[in-house]
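Student: Let me begin by handing over the structure; questions about it come next.
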Amino acid sequence: MGGGTDLVSQQDRGILPADSLVDLRGLGLDEIDEADGGLRLGATVTLAELARHEGVAERFAVLHEAASQAAAPQLREMGTVAGNLCQQVRCWYFRHPDLTCWLRGGDTCYAQIGDHRKHGLEPGDCISVAPSDLAAALLALDAVVTTNLQPDGIPLLELYRKADQANRSTLALAAGEFVTAVVLARTPDASAYERAGERHAWSFALTGVGAARFGDELRVSAIGVSNLPRLIDPEDPLSGLPGLEQTAWKRRLLSGLVEQAVGRVRAGGG
Amino acid sequence: MAKLVKTEAVVEGRTEERWTLVEEDATPEWALDATPRPVGEPATRLTAAARVSGAARYTSDVRLPGQLETLVLRSPHANALLVSIDLDAARGVPGVRCAIGPGDAPDFDGQPLLTDKPQYAGAAVAAIAADSQAAAAAGLEALNPKWEALGFVTDLDQALERQDFLEPPSDEERGDVEAAMREAATVIEVEYLAPAQMHNSMEPHCAVADWRPDGLTMWSSTQGIYQGRSQLSEAFGLDPDKVRVICEYMGGGFGSKFGCGPEGILAAELSRRCKRPVRLVYSRRDENLTAGFRTPARVSFKIGAEPDGTLVAIEASAVMGMGTGGWAYPILETTKSLYACPNVHAMVLPVRQNLGAAAAFRAPGVMEGTWALEQALDELAIELDVDPLDLRRRNHTDVDPGNGRAYTSKRLLESYDKAAELAGWASRDELRGEGRIRRGMGCASQYWWGGGGPPAYADVRIGATGKPVLSVGMQDLGTGSITACAVVAAERLGVAVSDITVRAGDTDLAGHGPFSGGSMTLASIAPAVRSAAHHVRTQLLDLASDMFEIAAADLDLVDGEVRSSDGTLRRPIVDVTEKLGNAWVTGVGSRAPNPQGLAVNTFGCQIAQVAVDTLTGLVTVERVVAVHDVGRIVNPMGARSQVLGGVLQGIGFALTEERVVDPTTGTVLNPGFEDYKIPTIADLPEVVCEFVGEPDPRLALGIKGLGEPPIIPTPGAIGNAVAHALGMRIREAPYTPRRVLEALEQA
Amino acid sequence: MRISLNVNDQEQAVEADGGESLAELLRTRLELTGTKVACGEGTCGSCTVLLDGRAVLSCLTLAAACDGAVVRTVESGGPLLERLQQAFTAEDGFQCGFCTPGQLMSAVALLERTPHPGRDEIVQAMSGNLCRCGAYEGIGRAVARAAEGG
């Protein structure tokens, strides 16, 4: 457990019953280290600390913007980098105390036969969407994640896995494994985060798009459109994202946000 | 001398005849052209110190010795039969004091409070009282209910198809709509879909019951302590004088907390059985499954008009989704009464659904009905190329078009002019743009009741300290009515508002007071307060006259002093009252009826300016000009806060708030603040607020209510502004990013 | 489990259940009912308290994780909180008052870190505190007023 904001609320709804929780905040994983032209974020750095960090704001705009807009101020004070990356989907069926959906080990993805207006653009066993703003930002920044079992690190995308019939987890962590740090090897020439929420503050992203430019290399990522955070081809942002009956509107939204974010990083520094 | 009179009262559109006890009263009225201090001056809330310090005791804070905690088993199914339940297993759980199930509690609103045939997901089936929340939760686990799930209907259109009405549909016509429609130069047909808005008071519904051999004491988060007392005495066959209802501080209600509710009855039943105090606090989820909502509705219009916009015929129908309760709120009232249309046909179909019971929500029926009507008028204005405000002016009426009655006062035309001026209406087309951000401006009219009336009583006493104590049999939701009462008393007693102690929220304290709703509270209670204060004033002046040997008619109470008209005497009031020792001077006042045979209404106009982000679909309300005609303003500070609150809730309805029901399981998918989004501080627009109403010459103290009016026109004005910005109309609220982007995609 | 923490300048040693929230501990065990619970699921901000100087949601904070912590609630007093309480009164920054303790604690956290915030900073810092009565204009003005008086 990091800040516990997602875990405690899942416990309260009986989604994640656990006999004991381990608080990881005493392990000294709370440093932001600007070393060697890159950045190392301890797992229990809070979103608020990240958002307030001047070096991050100067060099990694996409990360600063994502951390500043995620959730609400109090949740940013509590929520940690690793907790944000590892949080469960916000799907209203997944979080429903009276239903056991496919992702929770049941047989039915209620969203597909029910109301999926805020869900993804990608058909599958589960149509809920990745919620982590930080994941989009860090994916654009080509982050590496270290864990207690993999101290050398893995690319951020490998932290995630597609849930399947046998294993409904969207995290590729082994039992007892936890994230220890996020490492950025290089600083982009420009980066930006663009997101759309349901109101002017305190809203999970309907869709969030991160973009970073390293010289001529452009990395674009998105959350809110598919199960897992994904890399986006800026020339063809909708590739593999046909949209579902009630989510076609997100295609327009994603294209617009990609255009906006890419425009910003092409135009500028910072 | 007291006498009984028969009067007619309009409560949220329903006319009632009542017998009322009225004291004969010689209190002089305020002059219409003068507002005596401190009336009309800003007053900070008397309850402020308690509320900002955390000391205010809300019902959910009440802790009594030996108090038990309660949890309720609610149906997970939208329609089901309870096949079995193991109450004995729950009773065996350590710490559980009582477990009751279907048939074990009194009825509420004619329905069993605990049922084995739940008609909606969230219906109460069993309840557990235990030493702690944890023990109650363990008791719930042990119940092991088995259900037989049945078919259900939650969709509005399916419910209409089923023709199962909660109350008989209404069908009213004046004139000859069919003939007039045939003759009309222009006819438009439009339809709108209004969402179910949920109250979500910050303090959930809650009750603490203490049943004792000598009577029942109930702490309740309620908008009506006396309604609660009646409910409890009827449910349990108790003498009303053996029931005491207390509401010290209250965390909002907005129409969902009249009486003590099922939570109060259930807590009382458990307290009766356990012989211990029992507390029941709804969770946020309970709140949104079972504590009421503004009825979703499909509203259709066919409107015929002359080329200049003069209305000749309106054919209107509204299907209202009532769930399992509530009443058919006056959704087509503004269609019938706001404009001078001679031919109107209005049909209301209140359908039953497998959802919780609807409850009045700030301007119930009228807000959503006005949202629809005012957009239909805009669509007509666009069709005819008439300025939308001019179209409204053209159809202004000087008498109630339904019954021909004159209004006690009406300043709607002034409201239009003032709002147009403040909003810059004339140049509204210049706002629009072709880029990513598109701006627009829209208007809507406001119509509501709000005249108040009897019965309402107050008493004032003053003792040796010279600081008055005012007691009223009502409660303060946070609207500021307590402070406004003190302002009214202060004027008669010549003391500072802050020197008055107001006691309220306790049926054992004072005579009957109004419930807080219908924009009736202040207009009802203020004249009673003033009358009570006047009686005390008269006695104080008599005492002073004896002391100082100056005729009472030559004395006045000003700024805490007794003063003579010739200026020779200036003595603190306490110099007189200290002679009272432990005695006090008391005065009692009551509210007299309104003049009969006249229409009592409030009016207004709001103009909203919006910016629509065509990339994200997010709508920003940038500015709202709110002009209302609500009679005399007692406390401008409180009045402005009421307007801001109404506007914010109207913005919520227009932009983000919408109950979502799962079509497959019939359960509410967004019973919490994560997916049911109410406005935040970042969603607050600039609000320009003006009152055009001078004191209503025919109402006591010239006061009309202000609770409902400001929410009524906001969503309609926003809808019209969004249509103005985009050049097309979204006919279903709220205008979420999804709906905006879908509309843009289709365009 | 046994935990000790400092609440409003008083050392407290209490027995807390495993799943017990800080909000429950404050309201029930310590009878500090100024802290309100309106949603119980971390979405409204009513239960905001200061935990080691940071504004956090006490309903989502496990009491067991607060061993050794310094907690401040609306009952804590002090010049900044008092200035804010006066400013909320003067600007009518509440109606029913149920969200107010949480609003005040978010404002304390903001002004301790940023004594002279701009309007956007105020809006940002207060955006996790919902007010159903819609008193936001007064809330924003009150925070600005308290900042000026500092």
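Residue numbers start at 1 in each chain; chains themselves are named A, B, ... in the order of the structure tokens; ligands are numbered from 1 in the order shown.
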Residues of chain B within 6 Å of chain A, counting only C-alpha atoms, what are they? List them as an MDAnalysis selection string.
Tutor: chainID B and resid 615:616 662:664 669 682:683 741:742
Student: Please report as number ranges by chain which residues of chain A come no farther than 6 Å from chain C, using only C-alpha atoms.
Tutor: A: 5, 9, 72-74
Student: Give me, as a tab-separated table, the closest atom pair and its distance (Å, one decimal) for every residue of chain B within a cut-off of 8 Å of chain C, counting only C-alpha atoms, rows sorted by chain and rising number.
Tutor:
residue	atom	partner	partner_atom	distance
B:Thr44	CA	C:Ala90	CA	6.3
B:Arg45	CA	C:Thr89	CA	7.1
B:Ala48	CA	C:Thr89	CA	5.8
B:Ala49	CA	C:Thr89	CA	7.6
B:Arg51	CA	C:Gly97	CA	5.4
B:Val52	CA	C:Gln85	CA	5.7
B:Ser53	CA	C:Glu75	CA	6.3
B:Gly54	CA	C:Gly34	CA	3.9
B:Ala55	CA	C:Gly34	CA	6.2
B:Ala56	CA	C:Gly34	CA	7.7
B:Arg57	CA	C:Thr33	CA	7.9
B:Asp61	CA	C:Thr33	CA	5.9
B:Asn200	CA	C:Arg132	CA	7.2
B:Ser201	CA	C:Arg132	CA	6.1
B:Met202	CA	C:Ala38	CA	5.4
B:Glu203	CA	C:Ala38	CA	5.7
B:Pro204	CA	C:Ala38	CA	6.6
B:Tyr249	CA	C:Cys96	CA	7.9
B:Met250	CA	C:Cys96	CA	6.4
B:Gly251	CA	C:Cys96	CA	5.0
B:Gly252	CA	C:Cys96	CA	5.7
B:Ser283	CA	C:Cys39	CA	6.8
B:Arg284	CA	C:Cys39	CA	5.1
B:Leu477	CA	C:Cys96	CA	5.8
B:Gly478	CA	C:Cys96	CA	3.7
B:Thr479	CA	C:Gln95	CA	6.0
B:Gly480	CA	C:Gln95	CA	7.2
B:Met637	CA	C:Asp92	CA	7.4
B:Gly638	CA	C:Asp92	CA	7.8
B:Ser641	CA	C:Ala135	CA	6.7
B:Leu644	CA	C:Gly134	CA	6.3
B:Gly645	CA	C:Gly134	CA	4.3
B:Gly646	CA	C:Gly134	CA	7.5
B:Leu648	CA	C:Gly134	CA	5.6
B:Gln649	CA	C:Gly134	CA	7.2
B:Gly672	CA	C:Cys39	CA	7.4
B:Phe673	CA	C:Thr43	CA	5.7
B:Glu674	CA	C:Thr43	CA	6.0
B:Ile678	CA	C:Arg132	CA	7.4
B:Pro679	CA	C:Leu130	CA	7.5
B:Thr680	CA	C:Leu130	CA	5.7
B:Ile681	CA	C:Tyr136	CA	5.3
B:Ala682	CA	C:Val123	CA	5.8
B:Leu684	CA	C:Tyr136	CA	6.9
Student: Please produce a file of those selected residues containing N, CA and C atoms, as a short mmCIF file (atom, residue, chain, number, x, y, z; two decimals), in the first residue's frame.
Tutor:
data_model
loop_
_atom_site.label_atom_id
_atom_site.label_comp_id
_atom_site.auth_asym_id
_atom_site.auth_seq_id
_atom_site.Cartn_x
_atom_site.Cartn_y
_atom_site.Cartn_z
N THR B 44 -24.23 39.01 8.84
CA THR B 44 -23.58 37.70 8.83
C THR B 44 -24.42 36.73 9.66
N ARG B 45 -24.22 35.46 9.39
CA ARG B 45 -25.09 34.45 10.01
C ARG B 45 -24.89 34.34 11.52
N ALA B 48 -22.93 31.32 12.46
CA ALA B 48 -21.59 31.20 11.87
C ALA B 48 -20.57 30.64 12.85
N ALA B 49 -20.53 31.20 14.06
CA ALA B 49 -19.48 30.80 15.00
C ALA B 49 -19.53 29.28 15.23
N ARG B 51 -20.86 27.02 13.25
CA ARG B 51 -20.61 26.23 12.04
C ARG B 51 -19.14 26.24 11.64
N VAL B 52 -18.44 27.35 11.79
CA VAL B 52 -17.04 27.37 11.34
C VAL B 52 -16.09 26.78 12.38
N SER B 53 -16.55 26.62 13.61
CA SER B 53 -15.64 26.10 14.64
C SER B 53 -15.71 24.59 14.75
N GLY B 54 -16.68 23.98 14.10
CA GLY B 54 -16.87 22.55 14.25
C GLY B 54 -17.71 22.21 15.47
N ALA B 55 -18.16 23.24 16.21
CA ALA B 55 -18.93 22.97 17.42
C ALA B 55 -20.40 22.67 17.13
N ALA B 56 -20.89 23.11 15.97
CA ALA B 56 -22.29 22.88 15.62
C ALA B 56 -22.58 21.38 15.64
N ARG B 57 -23.61 20.99 16.37
CA ARG B 57 -23.92 19.58 16.45
C ARG B 57 -24.99 19.23 15.43
N ASP B 61 -23.83 13.96 14.32
CA ASP B 61 -22.82 14.09 15.38
C ASP B 61 -23.38 13.70 16.76
N ASN B 200 -28.20 14.92 -3.04
CA ASN B 200 -26.84 14.89 -2.51
C ASN B 200 -26.53 16.03 -1.55
N SER B 201 -27.41 16.25 -0.58
CA SER B 201 -27.04 17.14 0.53
C SER B 201 -25.75 16.60 1.11
N MET B 202 -24.89 17.48 1.60
CA MET B 202 -23.62 16.98 2.13
C MET B 202 -23.87 16.11 3.37
N GLU B 203 -24.79 16.52 4.22
CA GLU B 203 -25.13 15.63 5.34
C GLU B 203 -26.17 14.63 4.85
N PRO B 204 -25.86 13.35 4.94
CA PRO B 204 -26.84 12.37 4.51
C PRO B 204 -28.07 12.37 5.42
N TYR B 249 -28.62 21.55 14.02
CA TYR B 249 -27.99 22.07 12.80
C TYR B 249 -28.23 21.05 11.71
N MET B 250 -28.32 21.54 10.50
CA MET B 250 -28.70 20.65 9.44
C MET B 250 -27.82 20.87 8.23
N GLY B 251 -27.38 19.77 7.62
CA GLY B 251 -26.44 19.85 6.51
C GLY B 251 -27.08 19.79 5.14
N GLY B 252 -28.11 20.58 4.91
CA GLY B 252 -28.72 20.65 3.59
C GLY B 252 -29.82 19.63 3.39
N SER B 283 -25.49 5.97 4.11
CA SER B 283 -24.24 6.13 3.37
C SER B 283 -24.55 6.98 2.13
N ARG B 284 -23.51 7.44 1.47
CA ARG B 284 -23.73 8.22 0.24
C ARG B 284 -24.47 7.39 -0.79
N LEU B 477 -31.86 25.11 7.55
CA LEU B 477 -31.11 24.18 6.70
C LEU B 477 -29.74 24.71 6.36
N GLY B 478 -29.58 26.01 6.55
CA GLY B 478 -28.39 26.67 6.05
C GLY B 478 -28.80 27.78 5.10
N THR B 479 -30.10 27.99 4.98
CA THR B 479 -30.59 29.04 4.08
C THR B 479 -30.40 30.42 4.69
N GLY B 480 -30.22 30.49 6.00
CA GLY B 480 -30.10 31.79 6.64
C GLY B 480 -31.41 32.31 7.19
N MET B 637 -27.13 39.84 2.06
CA MET B 637 -26.02 38.89 2.05
C MET B 637 -26.55 37.45 1.91
N GLY B 638 -27.54 37.14 2.71
CA GLY B 638 -28.15 35.82 2.62
C GLY B 638 -28.85 35.62 1.30
N SER B 641 -26.43 34.76 -1.42
CA SER B 641 -25.97 33.38 -1.27
C SER B 641 -27.00 32.40 -1.78
N LEU B 644 -26.72 32.41 -5.57
CA LEU B 644 -25.53 31.67 -6.01
C LEU B 644 -25.76 30.16 -5.90
N GLY B 645 -26.36 29.74 -4.80
CA GLY B 645 -26.60 28.32 -4.60
C GLY B 645 -27.55 27.75 -5.65
N GLY B 646 -28.60 28.49 -5.95
CA GLY B 646 -29.54 28.02 -6.98
C GLY B 646 -28.87 27.94 -8.34
N LEU B 648 -25.71 27.53 -9.01
CA LEU B 648 -24.74 26.41 -9.04
C LEU B 648 -25.47 25.08 -9.26
N GLN B 649 -26.57 24.87 -8.55
CA GLN B 649 -27.30 23.61 -8.74
C GLN B 649 -27.92 23.54 -10.13
N GLY B 672 -22.50 7.85 -6.22
CA GLY B 672 -21.48 8.54 -5.41
C GLY B 672 -20.91 9.69 -6.20
N PHE B 673 -20.10 10.52 -5.54
CA PHE B 673 -19.61 11.75 -6.16
C PHE B 673 -18.55 11.51 -7.24
N GLU B 674 -18.04 10.28 -7.35
CA GLU B 674 -17.03 10.06 -8.40
C GLU B 674 -17.68 10.10 -9.78
N ILE B 678 -21.18 16.85 -9.11
CA ILE B 678 -21.78 18.15 -8.80
C ILE B 678 -20.69 19.22 -9.02
N PRO B 679 -21.09 20.46 -9.20
CA PRO B 679 -20.09 21.49 -9.50
C PRO B 679 -19.07 21.66 -8.37
N THR B 680 -17.85 22.01 -8.75
CA THR B 680 -16.79 22.34 -7.80
C THR B 680 -16.56 23.85 -7.86
N ILE B 681 -15.63 24.33 -7.05
CA ILE B 681 -15.31 25.76 -7.05
C ILE B 681 -14.78 26.19 -8.43
N ALA B 682 -14.19 25.23 -9.16
CA ALA B 682 -13.65 25.56 -10.48
C ALA B 682 -14.76 25.73 -11.52
N LEU B 684 -17.51 27.51 -10.88
CA LEU B 684 -18.28 28.70 -10.50
C LEU B 684 -18.10 29.81 -11.53
#
Student: Run DSSP on the backbone of this structure and report the residues of chain C it assigns to alpha helix (DSSP H), as a PDB file with C-alpha atoms, in the first residue's frame.
Tutor:
ATOM      1  CA  LEU C  22      -8.789   8.253  10.830  1.00  0.00           C
ATOM      2  CA  ALA C  23     -12.191   9.953  10.490  1.00  0.00           C
ATOM      3  CA  GLU C  24     -13.833   7.302  12.656  1.00  0.00           C
ATOM      4  CA  PRO C  79      -4.142  32.256  14.368  1.00  0.00           C
ATOM      5  CA  LEU C  80      -4.375  31.158  10.737  1.00  0.00           C
ATOM      6  CA  LEU C  81      -7.405  28.931  11.263  1.00  0.00           C
ATOM      7  CA  GLU C  82      -9.087  31.634  13.328  1.00  0.00           C
ATOM      8  CA  ARG C  83      -8.448  34.196  10.618  1.00  0.00           C
ATOM      9  CA  LEU C  84      -9.990  31.845   8.082  1.00  0.00           C
ATOM     10  CA  GLN C  85     -12.992  31.200  10.320  1.00  0.00           C
ATOM     11  CA  GLN C  86     -13.605  34.937  10.594  1.00  0.00           C
ATOM     12  CA  ALA C  87     -13.176  35.371   6.855  1.00  0.00           C
ATOM     13  CA  PHE C  88     -15.621  32.527   6.070  1.00  0.00           C
ATOM     14  CA  THR C  89     -18.145  34.276   8.324  1.00  0.00           C
ATOM     15  CA  ALA C  90     -17.588  37.714   6.832  1.00  0.00           C
ATOM     16  CA  THR C 100     -16.972  23.891   6.085  1.00  0.00           C
ATOM     17  CA  PRO C 101     -14.549  22.111   8.432  1.00  0.00           C
ATOM     18  CA  GLY C 102     -13.028  20.370   5.418  1.00  0.00           C
ATOM     19  CA  GLN C 103     -12.956  23.599   3.416  1.00  0.00           C
ATOM     20  CA  LEU C 104     -11.169  25.328   6.280  1.00  0.00           C
ATOM     21  CA  MET C 105      -8.514  22.634   6.604  1.00  0.00           C
ATOM     22  CA  SER C 106      -7.795  22.689   2.862  1.00  0.00           C
ATOM     23  CA  ALA C 107      -7.446  26.446   3.131  1.00  0.00           C
ATOM     24  CA  VAL C 108      -5.073  26.162   6.106  1.00  0.00           C
ATOM     25  CA  ALA C 109      -2.871  23.758   4.134  1.00  0.00           C
ATOM     26  CA  LEU C 110      -2.834  26.137   1.168  1.00  0.00           C
ATOM     27  CA  LEU C 111      -1.978  29.255   3.154  1.00  0.00           C
ATOM     28  CA  GLU C 112       0.696  27.535   5.204  1.00  0.00           C
ATOM     29  CA  ARG C 113       2.466  26.579   1.998  1.00  0.00           C
ATOM     30  CA  ARG C 119      -7.000  33.230  -7.628  1.00  0.00           C
ATOM     31  CA  ASP C 120      -6.086  30.180  -9.699  1.00  0.00           C
ATOM     32  CA  GLU C 121      -4.085  28.720  -6.844  1.00  0.00           C
ATOM     33  CA  ILE C 122      -7.041  29.149  -4.523  1.00  0.00           C
ATOM     34  CA  VAL C 123      -9.409  27.483  -6.991  1.00  0.00           C
ATOM     35  CA  GLN C 124      -6.966  24.646  -7.553  1.00  0.00           C
ATOM     36  CA  ALA C 125      -6.370  24.057  -3.842  1.00  0.00           C
ATOM     37  CA  MET C 126     -10.063  24.165  -2.931  1.00  0.00           C
ATOM     38  CA  TYR C 136     -17.979  28.722  -3.616  1.00  0.00           C
ATOM     39  CA  GLU C 137     -17.873  32.452  -4.300  1.00  0.00           C
ATOM     40  CA  GLY C 138     -17.753  33.206  -0.584  1.00  0.00           C
ATOM     41  CA  ILE C 139     -15.251  30.397  -0.019  1.00  0.00           C
ATOM     42  CA  GLY C 140     -12.872  31.778  -2.625  1.00  0.00           C
ATOM     43  CA  ARG C 141     -13.200  35.299  -1.273  1.00  0.00           C
ATOM     44  CA  ALA C 142     -12.747  34.142   2.296  1.00  0.00           C
ATOM     45  CA  VAL C 143      -9.478  32.377   1.494  1.00  0.00           C
ATOM     46  CA  ALA C 144      -8.219  35.468  -0.338  1.00  0.00           C
ATOM     47  CA  ARG C 145      -9.311  37.699   2.535  1.00  0.00           C
ATOM     48  CA  ALA C 146      -7.579  35.541   5.141  1.00  0.00           C
ATOM     49  CA  ALA C 147      -4.431  35.560   3.006  1.00  0.00           C
ATOM     50  CA  GLU C 148      -4.445  39.349   2.840  1.00  0.00           C
TER      51      GLU C 148
END
Student: Write out as a list in words each polymer residue whose atoms come within 10 Å of Arg59 in chain A, counting only C-alpha atoms; drop sequence neighbours fewer than 4 positions from it.
Tutor: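 Residues meeting the cut-off are Gly37, Gly38, Leu39, Glu54, Gly55, Leu63, His64, Arg186, Thr187, Pro188, Asp189, Ala190, Ser191, Gly269 and Gly270 of chain A.
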Student: Using only C-alpha atoms, which protein or nucleic acid residues come within 6 Å of range 114-131 of chain B? Drop anything in the same chain fewer than 3 positions from it, and give the result as a PyMOL selection string.
Tutor: chain B and resi 68-82+95-102+135-136+289+354-355+667
Student: Once DSSP has gone over the backbone, tell me which residues of range 51-91 of chain C are in strand (DSSP E or B), as a list in words.
Tutor: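 Residues of range 51-91 of chain C classed as strand (DSSP E or B): Leu51, Arg54, Ala55, Val56, Leu57, Leu62, Val70, Val71 and Arg72 of chain C.
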Student: If we count only C-alpha atoms, what is near Arg570 in chain B at a cut-off of 12 Å, once residues fewer than 3 positions away on the same chain are taken out, given as a PyMOL selection string?
Tutor: chain B and resi 544+548+555-567+573-576
Student: Applying 10 Å and only C-alpha atoms, which residues near Ala185 in chain A remain after dropping the ones on its own chain fewer than 6 positions away? List them as a list in words.
Tutor: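 Near Ala185 in chain A, the qualifying residues are Ala35, Asp36, Gly37, Gly38, Leu39, Arg40, Leu141, Asp142, Ala143 and Val144 of chain A.
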Student: Output C-alpha atoms of each residue in that selection to a file, as a PDB file, in the first residue's frame.
Tutor:
ATOM      1  CA  ALA A  35      20.558  12.637 -11.806  1.00  0.00           C
ATOM      2  CA  ASP A  36      22.509  12.269 -15.040  1.00  0.00           C
ATOM      3  CA  GLY A  37      20.159  14.219 -17.273  1.00  0.00           C
ATOM      4  CA  GLY A  38      17.300  11.983 -16.252  1.00  0.00           C
ATOM      5  CA  LEU A  39      14.970  11.589 -13.295  1.00  0.00           C
ATOM      6  CA  ARG A  40      14.404   8.949 -10.668  1.00  0.00           C
ATOM      7  CA  LEU A 141       8.721   9.868 -21.461  1.00  0.00           C
ATOM      8  CA  ASP A 142       9.815   6.285 -22.108  1.00  0.00           C
ATOM      9  CA  ALA A 143       9.983   5.440 -18.405  1.00  0.00           C
ATOM     10  CA  VAL A 144      11.473   2.340 -16.863  1.00  0.00           C
TER      11      VAL A 144
END
Student: Interatomic distance between CA of Ala426 in chain B and CA of Met441 in chain B?
Tutor: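 These atoms are spaced 10.4 Å apart.
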Student: Quick check, in Å to one decimal: how far apart do CA of Pro636 in chain B and CA of Val692 in chain B lie?
Tutor: 12.7 Å
Student: Tell me which protein, DNA and RNA residues are within 8 Å of range 506-514 of chain B, counting only C-alpha atoms, leaving out same-chain ones fewer than 3 positions away, and put them as an NGL selection string.
Tutor: :B and (224-226 or 229 or 244-248 or 455-459 or 471-475 or 503 or 520-521 or 524-525)
Student: Let me make sure I understand: among A:Asp164, A:Asp30, A:Glu245, A:Asp152, which one has the smallest atom-to-atom distance to Ala82 in chain A if we use only C-alpha atoms?
Tutor: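 Checking each candidate against Ala82 in chain A, we get A:Asp30 as the closest.
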